[in-house]
Structure formats: C-alpha cells, structure tokens
Amino acid sequence: MEEKSLILEGLPDDFHRVKPKVELYFRNKRRSGGETLQIREHPDDKRKALLVYIRDEDLKKVLDKRIHKVDIKPHGSVEVTVKLPEETQIKIKPQVLPKPRPETLALRSSPAAARQVIIRIINIRPHASSC
C-alpha cells in the first residue's frame with residue numbers, strides 16, 4: 001500500500017511542542033474524520049506537519065473537513081488547516097543581466113545623445129601629439 005500525505009498548517013507553536021495533542025486529535029477517527037498512520041515534521045516549516053495516511057477514505061474525509069479545531073494547551077482551541085501537498089515546484093531564478101553602461105543607454109535613447117557620447121569618447125583618447 002502506498003502512503004499518501006496531507007499538509008497541516010497553522011500550528012501555534014513548534015511542531016515538537018504540539019505533536020502529542022495533534023496526534024491525539026488526528027488518530028481519533030471520530031474527531032478528525034480519518035485515522036492517520038503517522039504524523040511527521042514538515043521539512044521546511046516548524047509550524048506545519050505532514051499527516052500520513054494509507055487509506056484513501058481516511059485522507060478524503062480529513063481533507064473534506066478542511067479546518068479542524070484542535071485543543072492545544074495553553075493556546076486553547078486552535079484552528080488548523082489541512083490541504084493536499086503542492087505539486088513540486090521548480091523555482092526558476094530570473095536571469096541576471098549585466099548592468100547597462102551609460103554609453104549604451106545613450107545610444108538607444110536618441111541620435112543626438114549618441115553623437116555626444118561618441119564625441120566624449122574621442123576627446124578622452126590621448127592624442128598622438130601629446131605623447
């Protein structure tokens with residue numbers, strides 16, 4: 001049998017501090033709607049958890065309920081949200097382009113500006129007579 005998981009969001013504190021109460025709630029089929037096989041720490045966020053199921057019916061019932069009220073002392077009754085794991089997203093970084101030089105910008109803006117840049121470049125070059 002294949003394991004299926006849901007993401008539990010909205011934990012009021014670090015996962016390890018609230019895990020016992022979360023386990024009591026989600027292992028109780030009457031309260032949560034379905035019995036979890038295991039509750040794991042989310043790899044990226046300490047205030048999330050992974051609910052692992054074997055039976056599709058249990059997963060579907062818990063997911064259909066969506067918002068669950070879990071009694072977590074000293075926080076009281078806390079609303080946590082259950083959702084399907086997001087598809088693996090490939091984060092594509094935008095291409096970093098080199099900073100344009102002022103001469104390049106001037107050439108693009110107008111022909112008159114381009115002439116001024118060319119004149120400046122010619123004036124910067126050392127003349128043969130000054131050597």
# chains A, B, ... in the order shown; residues from 1 in each chain; ligands from 1

call {"tool": "residues_around", "arguments": {"residues": "region 55-58 of chain A", "least_positions_apart": "4", "cutoff": "10 Å", "atoms": "only C-alpha atoms", "output": "short mmCIF file (atom, residue, chain, number, x, y, z; two decimals) with N, CA, C and O atoms, in the first residue's frame"}}
result
data_model
loop_
_atom_site.label_atom_id
_atom_site.label_comp_id
_atom_site.auth_asym_id
_atom_site.auth_seq_id
_atom_site.Cartn_x
_atom_site.Cartn_y
_atom_site.Cartn_z
N MET A 1 0.83 -1.19 0.00
CA MET A 1 0.00 0.00 0.00
C MET A 1 0.87 1.25 0.00
O MET A 1 1.88 1.31 0.68
N GLU A 2 0.44 2.23 -0.74
CA GLU A 2 1.21 3.46 -0.87
C GLU A 2 0.76 4.50 0.16
O GLU A 2 -0.43 4.66 0.42
N GLU A 3 1.73 5.17 0.75
CA GLU A 3 1.41 6.24 1.71
C GLU A 3 0.99 7.49 0.96
O GLU A 3 1.53 7.82 -0.08
N LYS A 4 0.01 8.17 1.51
CA LYS A 4 -0.44 9.46 0.97
C LYS A 4 -0.40 10.46 2.11
O LYS A 4 -0.64 10.09 3.26
N SER A 5 -0.09 11.70 1.81
CA SER A 5 0.03 12.66 2.90
C SER A 5 -0.73 13.95 2.63
O SER A 5 -1.04 14.29 1.48
N LYS A 29 -10.47 8.83 14.82
CA LYS A 29 -11.27 8.84 13.60
C LYS A 29 -12.57 9.64 13.79
O LYS A 29 -13.03 10.32 12.89
N SER A 32 -11.42 13.66 13.86
CA SER A 32 -10.81 14.22 12.66
C SER A 32 -11.47 13.77 11.36
O SER A 32 -11.35 14.43 10.33
N GLY A 33 -12.13 12.64 11.40
CA GLY A 33 -12.76 12.11 10.19
C GLY A 33 -12.03 10.91 9.63
O GLY A 33 -12.58 10.14 8.86
N GLY A 34 -10.77 10.74 9.97
CA GLY A 34 -9.98 9.62 9.47
C GLY A 34 -8.78 9.39 10.37
O GLY A 34 -8.30 10.30 11.03
N GLU A 35 -8.30 8.18 10.40
CA GLU A 35 -7.18 7.83 11.27
C GLU A 35 -5.85 7.94 10.52
O GLU A 35 -5.68 7.33 9.47
N THR A 36 -4.91 8.72 11.08
CA THR A 36 -3.60 8.86 10.45
C THR A 36 -2.73 7.66 10.79
O THR A 36 -2.86 7.06 11.85
N LEU A 37 -1.82 7.36 9.90
CA LEU A 37 -0.83 6.32 10.15
C LEU A 37 0.32 6.93 10.96
O LEU A 37 0.81 6.35 11.91
N VAL A 62 -10.72 13.62 6.04
CA VAL A 62 -9.98 14.67 6.76
C VAL A 62 -9.85 15.90 5.87
O VAL A 62 -10.02 17.03 6.32
N LEU A 63 -9.56 15.69 4.61
CA LEU A 63 -9.40 16.79 3.66
C LEU A 63 -10.73 17.52 3.43
O LEU A 63 -10.77 18.75 3.34
N ASP A 64 -11.83 16.78 3.35
CA ASP A 64 -13.15 17.39 3.15
C ASP A 64 -13.52 18.32 4.30
O ASP A 64 -14.16 19.35 4.10
#

call {"tool": "closest_residue", "arguments": {"among": "A:Val22, A:Ile54, A:Ile7, A:Ile72", "to": "His42 (chain A)", "atoms": "only C-alpha atoms"}}
result
A:Ile7

call {"tool": "atom_distance", "arguments": {"atom1": "CA of Gly76 (chain A)", "atom2": "CA of Asp13 (chain A)"}}
result
12.2 Å

call {"tool": "closest_residue", "arguments": {"among": "A:Glu23, A:Asp45, A:Glu86, A:Glu9", "to": "Arg66 (chain A)", "atoms": "only C-alpha atoms"}}
result
A:Glu9

call {"tool": "residues_around", "arguments": {"residues": "Val80 (chain A)", "least_positions_apart": "3", "cutoff": "10 Å", "atoms": "only C-alpha atoms", "output": "number ranges by chain"}}
result
A: 8-12, 22, 48, 66-70, 77

call {"tool": "closest_residue", "arguments": {"among": "A:Leu24, A:Val78, A:Val18, A:Leu6", "to": "Lys46 (chain A)", "atoms": "only C-alpha atoms"}}
result
A:Val18

call {"tool": "closest_residue", "arguments": {"among": "A:Glu79, A:Tyr53, A:Pro85, A:Glu41", "to": "Arg17 (chain A)", "atoms": "only C-alpha atoms"}}
result
A:Glu41
